[in-house]
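Below: one structure, written as structure tokens.
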Amino acid sequence: MKDSFGREITYLRVSVTQRCNLNCVYCGKSDCAKKETELSPETTEKLVRAFAGCGIRKVRVTGGEPLVRSDICEIVRRIRSIDGIETLALTTNGVYLARYARELKSAGLDSVNISLDSTDGSTYRHLTGADVLKKVLEGIDEAERAGISPVKINAVLMKGVNSDGAGELINLARSRKIDVRFIELMPFSDEGENSSLIVTGDEILREFPFLKPAEAEEGTAKYYSAEGFKGRVGLINPITHKFCSSCNRIRLLSDGSVKPCLGYDTAYDILQFIDDESRLREEVKNIILKKPAGHSFGSSDAGHGLNRTGG
Ligand code: SAM
């Protein structure tokens with residue numbers, strides 16, 4: 001369905017937990033240890049079904065870290081079973097991906113985005129607080145072997161922290177059929193609020209002039225490629241090129257509330273209507289109609305960290 005600004009809302013991001021096994025510096029540190037707000041696979045399915053009834057066609061499972069849930073494959077399987085859901089994707093830090101890739105594929109997962117901010121072991125450890133780069137790289141390999149497609153990498157660059165590793169990340173798109181996407185740092189933590197750390201999409205293009213525009217834009221990313229590249233480089237620029245006017249997303253949080261925009265704290269509880277299917281759908285429609293025109297990064301009511309909201 002369309003929201004009140006005429007945007008067709010087709011994409012639901014489902015945060016299945018606030019817990020995370022990493023502690024990324026830019027992500028916001030609140031609530032990482034909470035568990036009590038997680039919904040069961042059955043409840044998640046019921047809620048997502050209501051969204052599908054309102055026109056949602058694509059679901060991305062995220063968190064926190066979705067793979068810290070031992071029932072993650074059951075969640076994926078249940079979402080896959082919902083009529084109308086055409087694409088089912090997952091965003092993960094990749095640490096447990098080698099363990100789950102095959103089972104996720106059989107449960108119906110189409111594609112995966114893996115967060116990888118550096119291919120250098122000590123920089124990776126500094127950014128995430130954990131010495132697990134090798135496991136993440138194994139997770140990427142295993143996802144490809146399991147036939148999950150596409151496999152994409154998400155990276156957030158920060159000046160003087162990991163920005164000098166951009167070339168190595170781009171090399172992954174050169175040598176493998178993998179899209180490497182750079183997301184501009186958003187203001188969700190002390191680091192995120194330090195705008196001098198942001199590496200903009202335009203700066204990346206200046207540093208790597210061999211990158212030339214590839215096909216049309218896909219969702220929020222603009223894609224680039226170069227001679228001999230097997231994959232593409234994507235730029236996601238929420239700070240320098242706001243894409244709110246074409247935003248088609250809405251978010252279900254792990255406590256059963258719904259957040260119409262990442263940029264605001266406002267969230268609406270729908271769990272109270274779980275046993276009334278038609279009321280649930282009505283509430284989802286009402287919330288979609290409340291989606292604001294654009295995000296408020298930089299203002300005092302800008303949203304919390306993505307570990308809480310779901311990245
Ligand atoms: N744990 C999973 C992961 O690491 O991919 C899913 C959740 S994480 C919050 C989702 C994505 O949000 C990651 O790709 C991460 O890089 C991105 N992210 C988190 N904080 C961010 C920030 N301040 N600015 C830009 N991207 C951010």
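In the structure tokens, chains take the letters A, B, ... in the order shown, each chain's residues start at 1, and ligands count up from 1 in the order shown.
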Each chain A residue no farther than 9 Å from ligand 1, nearest pair in Å, only C-alpha atoms and all ligand atoms, as CSV:
residue,atom,partner,partner_atom_place_in_ligand_line,distance
A:Ser15,CA,ligand 1,7 (C),8.2
A:Gln18,CA,ligand 1,7 (C),8.9
A:Arg19,CA,ligand 1,1 (N),8.6
A:Cys20,CA,ligand 1,1 (N),6.3
A:Asn21,CA,ligand 1,1 (N),8.0
A:Leu22,CA,ligand 1,1 (N),7.6
A:Cys24,CA,ligand 1,20 (N),7.6
A:Val25,CA,ligand 1,20 (N),8.2
A:Tyr26,CA,ligand 1,23 (N),4.6
A:Cys27,CA,ligand 1,20 (N),3.6
A:Gly28,CA,ligand 1,20 (N),6.9
A:Val61,CA,ligand 1,6 (C),8.4
A:Thr62,CA,ligand 1,6 (C),4.9
A:Gly63,CA,ligand 1,7 (C),4.6
A:Gly64,CA,ligand 1,1 (N),4.8
A:Glu65,CA,ligand 1,1 (N),3.6
A:Pro66,CA,ligand 1,1 (N),6.5
A:Leu67,CA,ligand 1,1 (N),8.2
A:Leu90,CA,ligand 1,6 (C),8.2
A:Thr91,CA,ligand 1,5 (O),4.7
A:Thr92,CA,ligand 1,5 (O),3.8
A:Asn93,CA,ligand 1,4 (O),3.7
A:Gly94,CA,ligand 1,5 (O),7.4
A:Asn113,CA,ligand 1,5 (O),6.9
A:Ile114,CA,ligand 1,5 (O),5.6
A:Ser115,CA,ligand 1,14 (O),4.5
A:Leu116,CA,ligand 1,16 (O),7.5
A:Asp117,CA,ligand 1,16 (O),7.3
A:Ile153,CA,ligand 1,14 (O),8.0
A:Asn154,CA,ligand 1,14 (O),5.0
A:Ala155,CA,ligand 1,16 (O),5.7
A:Val156,CA,ligand 1,16 (O),5.5
A:Leu157,CA,ligand 1,25 (C),8.7
A:Phe182,CA,ligand 1,26 (N),8.9
A:Ile183,CA,ligand 1,25 (C),5.6
A:Glu184,CA,ligand 1,25 (C),5.6
A:Leu185,CA,ligand 1,24 (N),3.7
A:Met186,CA,ligand 1,24 (N),3.7
A:Pro187,CA,ligand 1,23 (N),5.3
A:Phe188,CA,ligand 1,23 (N),4.8
A:Ser189,CA,ligand 1,23 (N),6.5
A:Glu191,CA,ligand 1,23 (N),7.7
A:Gly192,CA,ligand 1,23 (N),5.0
A:Glu193,CA,ligand 1,23 (N),8.2
A:Pro238,CA,ligand 1,25 (C),8.5
A:Gly305,CA,ligand 1,20 (N),6.5
A:Leu306,CA,ligand 1,9 (C),4.2
A:Asn307,CA,ligand 1,9 (C),4.7
A:Arg308,CA,ligand 1,9 (C),7.8
A:Thr309,CA,ligand 1,9 (C),7.7
A:Gly310,CA,ligand 1,9 (C),5.5
A:Gly311,CA,ligand 1,10 (C),3.5
Residues flagged helix (DSSP H, G or I) by DSSP in segment 24-92 of chain A, as a list of chain:residue names: A:Pro41, A:Glu42, A:Thr43, A:Thr44, A:Glu45, A:Lys46, A:Leu47, A:Val48, A:Arg49, A:Ala50, A:Phe51, A:Ala52, A:Pro66, A:Leu67, A:Val68, A:Ile72, A:Cys73, A:Glu74, A:Ile75, A:Val76, A:Arg77, A:Arg78, A:Ile79, A:Arg80
- prompt: Could you pull out the strand (DSSP E or B) residues of segment 101-252 of chain A from DSSP and send them as JSON, numbers by chain?
  reply: {"A": [111, 112, 113, 114, 115, 151, 152, 153, 154, 155, 156, 158, 179, 180, 181, 182, 183, 198, 212, 213, 218, 221, 222, 223, 224, 225, 233, 234, 235, 236, 249, 250, 251, 252]}
Selected residues written out with C-alpha atoms, as a compact mmCIF listing (two decimals), in the first residue's frame:
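Full text of out31.txt as output:
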# COMPACT_ATOMS: atom_id res chain seq x y z
CA SER A 111 20.21 -13.59 -0.20
CA VAL A 112 22.59 -12.41 2.51
CA ASN A 113 24.37 -9.16 3.38
CA ILE A 114 27.48 -9.64 5.49
CA SER A 115 28.99 -6.77 7.44
CA VAL A 151 26.04 -12.49 -1.31
CA LYS A 152 26.80 -8.83 -0.56
CA ILE A 153 29.24 -7.17 1.80
CA ASN A 154 28.36 -4.04 3.78
CA ALA A 155 31.16 -1.81 5.03
CA VAL A 156 31.14 1.42 7.02
CA MET A 158 35.64 5.90 9.13
CA ASP A 179 28.89 -6.72 -4.36
CA VAL A 180 30.78 -4.62 -1.82
CA ARG A 181 28.65 -1.74 -0.54
CA PHE A 182 29.92 1.22 1.43
CA ILE A 183 27.37 2.78 3.81
CA ILE A 198 32.39 10.11 7.69
CA LYS A 212 32.24 3.67 -13.39
CA PRO A 213 28.46 3.67 -12.97
CA GLU A 218 18.81 -0.84 -6.83
CA ALA A 221 22.46 1.68 -3.42
CA LYS A 222 24.06 3.14 -6.54
CA TYR A 223 26.31 0.59 -8.21
CA TYR A 224 29.70 0.97 -9.89
CA SER A 225 32.01 -1.43 -11.64
CA VAL A 233 30.84 -1.62 -5.70
CA GLY A 234 27.73 -0.07 -4.17
CA LEU A 235 27.46 3.31 -2.49
CA ILE A 236 24.72 3.91 0.07
CA ARG A 249 10.70 0.47 4.21
CA ILE A 250 9.13 -0.16 7.53
CA ARG A 251 10.63 -1.94 10.54
CA LEU A 252 9.34 -4.57 12.95
- request: Write out as number ranges by chain each polymer residue whose atoms come within 12 Å of Pro209 of chain A, counting only C-alpha atoms; drop sequence neighbours fewer than 6 positions from it.
  value: A: 167, 202-203, 224-227
field: Selected residue, from A:Leu280, A:Cys247, A:Val59, A:Cys54, that lies nearest to Ile85 of chain A when counting only C-alpha atoms
entry: A:Val59
- request: Go through A:Glu38, A:Asp141, A:Glu103, A:Glu86 one by one, measure the shortest atom-to-atom distance of each to Lys177 of chain A using only C-alpha atoms, and give the residue with the smallest value.
  value: A:Asp141
message: Nearest residue to Thr119 of chain A out of A:Asp265, A:Asp164, A:Glu144, A:Ala101, using only C-alpha atoms?
response: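 Checking each candidate against Thr119 of chain A, we get A:Asp164 as the closest.
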- request: Have a look at A:Lys134, A:His126, A:Arg7, A:Arg99 and name the one nearest to Pro292 of chain A; count only C-alpha atoms.
  value: A:Arg7
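Counting only C-alpha atoms, Ser122 of chain A has the following residues at most 12 Å away, ignoring those fewer than 3 positions along the same chain: Asp117, Ser118, Thr119, Arg125, His126, Leu127, Thr128, Gly129, Ala130, Asp131, Val132, Leu133, Lys134, Val161, Asn162 and Gly165 of chain A.
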Serialized selection, all heavy atoms, as a short mmCIF file (atom, residue, chain, number, x, y, z; two decimals), in the first residue's frame:
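Output (again.cif):
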data_model
loop_
_atom_site.label_atom_id
_atom_site.label_comp_id
_atom_site.auth_asym_id
_atom_site.auth_seq_id
_atom_site.Cartn_x
_atom_site.Cartn_y
_atom_site.Cartn_z
N ASP A 117 33.92 -4.62 7.79
CA ASP A 117 34.44 -3.25 7.69
C ASP A 117 35.94 -3.19 7.42
O ASP A 117 36.48 -2.11 7.18
CB ASP A 117 34.13 -2.47 8.97
CG ASP A 117 32.63 -2.39 9.22
OD1 ASP A 117 31.89 -2.13 8.26
OD2 ASP A 117 32.20 -2.62 10.36
N SER A 118 36.60 -4.35 7.51
CA SER A 118 38.03 -4.38 7.24
C SER A 118 38.46 -5.81 6.98
O SER A 118 37.93 -6.75 7.58
CB SER A 118 38.81 -3.81 8.43
OG SER A 118 40.19 -3.92 8.19
N THR A 119 39.44 -5.97 6.10
CA THR A 119 40.01 -7.31 5.88
C THR A 119 41.32 -7.45 6.65
O THR A 119 42.02 -8.44 6.51
CB THR A 119 40.29 -7.55 4.38
OG1 THR A 119 41.11 -6.48 3.90
CG2 THR A 119 38.99 -7.59 3.58
N ARG A 125 39.40 -6.29 14.65
CA ARG A 125 39.25 -6.50 16.09
C ARG A 125 38.96 -5.18 16.80
O ARG A 125 38.10 -5.07 17.66
CB ARG A 125 40.53 -7.14 16.67
CG ARG A 125 40.36 -7.60 18.10
CD ARG A 125 41.61 -8.27 18.68
NE ARG A 125 42.51 -8.83 17.69
CZ ARG A 125 43.73 -8.37 17.44
NH1 ARG A 125 44.21 -7.33 18.08
NH2 ARG A 125 44.49 -8.96 16.53
N HIS A 126 39.67 -4.13 16.39
CA HIS A 126 39.46 -2.81 16.99
C HIS A 126 38.01 -2.34 16.76
O HIS A 126 37.37 -1.80 17.65
CB HIS A 126 40.45 -1.81 16.39
CG HIS A 126 40.13 -0.39 16.72
ND1 HIS A 126 40.30 0.13 17.98
CD2 HIS A 126 39.61 0.61 15.96
CE1 HIS A 126 39.89 1.39 17.98
NE2 HIS A 126 39.47 1.71 16.77
N LEU A 127 37.50 -2.58 15.55
CA LEU A 127 36.15 -2.08 15.21
C LEU A 127 35.04 -2.87 15.89
O LEU A 127 33.98 -2.33 16.22
CB LEU A 127 35.93 -2.17 13.70
CG LEU A 127 36.67 -1.14 12.86
CD1 LEU A 127 36.65 -1.55 11.39
CD2 LEU A 127 36.01 0.22 13.03
N THR A 128 35.26 -4.18 16.06
CA THR A 128 34.15 -5.05 16.50
C THR A 128 34.33 -5.57 17.92
O THR A 128 33.40 -6.13 18.49
CB THR A 128 34.04 -6.29 15.59
OG1 THR A 128 35.27 -7.05 15.73
CG2 THR A 128 33.83 -5.91 14.15
N GLY A 129 35.57 -5.45 18.46
CA GLY A 129 35.85 -5.98 19.79
C GLY A 129 36.07 -7.48 19.80
O GLY A 129 36.13 -8.08 20.88
N ALA A 130 36.19 -8.12 18.64
CA ALA A 130 36.36 -9.58 18.63
C ALA A 130 37.34 -10.02 17.53
O ALA A 130 37.39 -9.42 16.46
CB ALA A 130 35.02 -10.26 18.42
N ASP A 131 38.05 -11.08 17.83
CA ASP A 131 39.09 -11.57 16.93
C ASP A 131 38.51 -12.68 16.03
O ASP A 131 38.90 -13.84 16.15
CB ASP A 131 40.23 -12.13 17.80
CG ASP A 131 41.52 -12.21 17.03
OD1 ASP A 131 41.54 -11.82 15.85
OD2 ASP A 131 42.51 -12.67 17.62
N VAL A 132 37.56 -12.32 15.18
CA VAL A 132 36.80 -13.35 14.46
C VAL A 132 36.78 -13.15 12.94
O VAL A 132 35.93 -13.73 12.25
CB VAL A 132 35.34 -13.41 15.00
CG1 VAL A 132 35.29 -14.00 16.40
CG2 VAL A 132 34.69 -12.03 14.97
N LEU A 133 37.73 -12.35 12.43
CA LEU A 133 37.73 -12.08 10.99
C LEU A 133 37.73 -13.37 10.17
O LEU A 133 37.01 -13.50 9.18
CB LEU A 133 38.94 -11.21 10.63
CG LEU A 133 39.15 -10.95 9.14
CD1 LEU A 133 37.96 -10.19 8.55
CD2 LEU A 133 40.44 -10.18 8.90
N LYS A 134 38.55 -14.35 10.63
CA LYS A 134 38.67 -15.61 9.87
C LYS A 134 37.30 -16.29 9.76
O LYS A 134 36.93 -16.80 8.69
CB LYS A 134 39.67 -16.51 10.59
CG LYS A 134 40.10 -17.70 9.81
CD LYS A 134 41.37 -18.30 10.42
CE LYS A 134 41.60 -19.69 9.86
NZ LYS A 134 40.94 -20.73 10.62
N VAL A 161 40.39 5.40 10.71
CA VAL A 161 40.14 4.17 11.48
C VAL A 161 40.28 2.96 10.55
O VAL A 161 41.16 2.12 10.74
CB VAL A 161 38.73 4.21 12.13
CG1 VAL A 161 38.49 2.95 12.96
CG2 VAL A 161 38.55 5.46 12.98
N ASN A 162 39.43 2.89 9.54
CA ASN A 162 39.53 1.77 8.59
C ASN A 162 39.48 2.23 7.14
O ASN A 162 39.42 1.42 6.23
CB ASN A 162 38.40 0.76 8.84
CG ASN A 162 37.02 1.36 8.63
OD1 ASN A 162 36.85 2.57 8.71
ND2 ASN A 162 36.04 0.52 8.38
N GLY A 165 41.60 0.85 4.32
CA GLY A 165 41.37 -0.52 3.85
C GLY A 165 40.32 -0.60 2.76
O GLY A 165 39.94 -1.71 2.33
#
- request: Grab the atom CA of Tyr264 of chain A to atom CA of Glu8 of chain A distance for me, in Å with one decimal place.
  value: 19.8 Å
Pick from A:Ile75, A:Ile82, A:Val199, A:Ile148 nearest to Asp110 of chain A, counting only C-alpha atoms: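 Looking at the shortest contact to Asp110 of chain A, the residue is A:Ile148.
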Contacts of Tyr96 of chain A at 8 Å or less, counting only C-alpha atoms, minus same-chain residues fewer than 5 places along, as a PDB file with N, CA and C atoms, in the first residue's frame?
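As a result, around.pdb now contains:
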ATOM      1  N   LEU A  67      21.884 -14.297  13.853  1.00  0.00           N
ATOM      2  CA  LEU A  67      22.370 -15.681  13.990  1.00  0.00           C
ATOM      3  C   LEU A  67      22.734 -16.049  15.436  1.00  0.00           C
ATOM      4  N   VAL A  68      22.537 -15.135  16.403  1.00  0.00           N
ATOM      5  CA  VAL A  68      22.690 -15.561  17.807  1.00  0.00           C
ATOM      6  C   VAL A  68      21.431 -16.310  18.250  1.00  0.00           C
ATOM      7  N   LYS A 135      36.543 -16.277  10.850  1.00  0.00           N
ATOM      8  CA  LYS A 135      35.214 -16.917  10.827  1.00  0.00           C
ATOM      9  C   LYS A 135      34.290 -16.204   9.838  1.00  0.00           C
ATOM     10  N   VAL A 136      34.374 -14.884   9.793  1.00  0.00           N
ATOM     11  CA  VAL A 136      33.511 -14.129   8.875  1.00  0.00           C
ATOM     12  C   VAL A 136      33.872 -14.478   7.425  1.00  0.00           C
ATOM     13  N   GLY A 139      32.483 -17.673   6.627  1.00  0.00           N
ATOM     14  CA  GLY A 139      31.030 -17.533   6.459  1.00  0.00           C
ATOM     15  C   GLY A 139      30.688 -17.063   5.047  1.00  0.00           C
TER      16      GLY A 139
END
query: Looking at A:Pro260, A:Arg80, A:Ser254, A:Leu39, which one is nearest to Leu289 of chain A, with distances taken over only C-alpha atoms?
result: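 Result for the nearest residue to Leu289 of chain A: A:Pro260.
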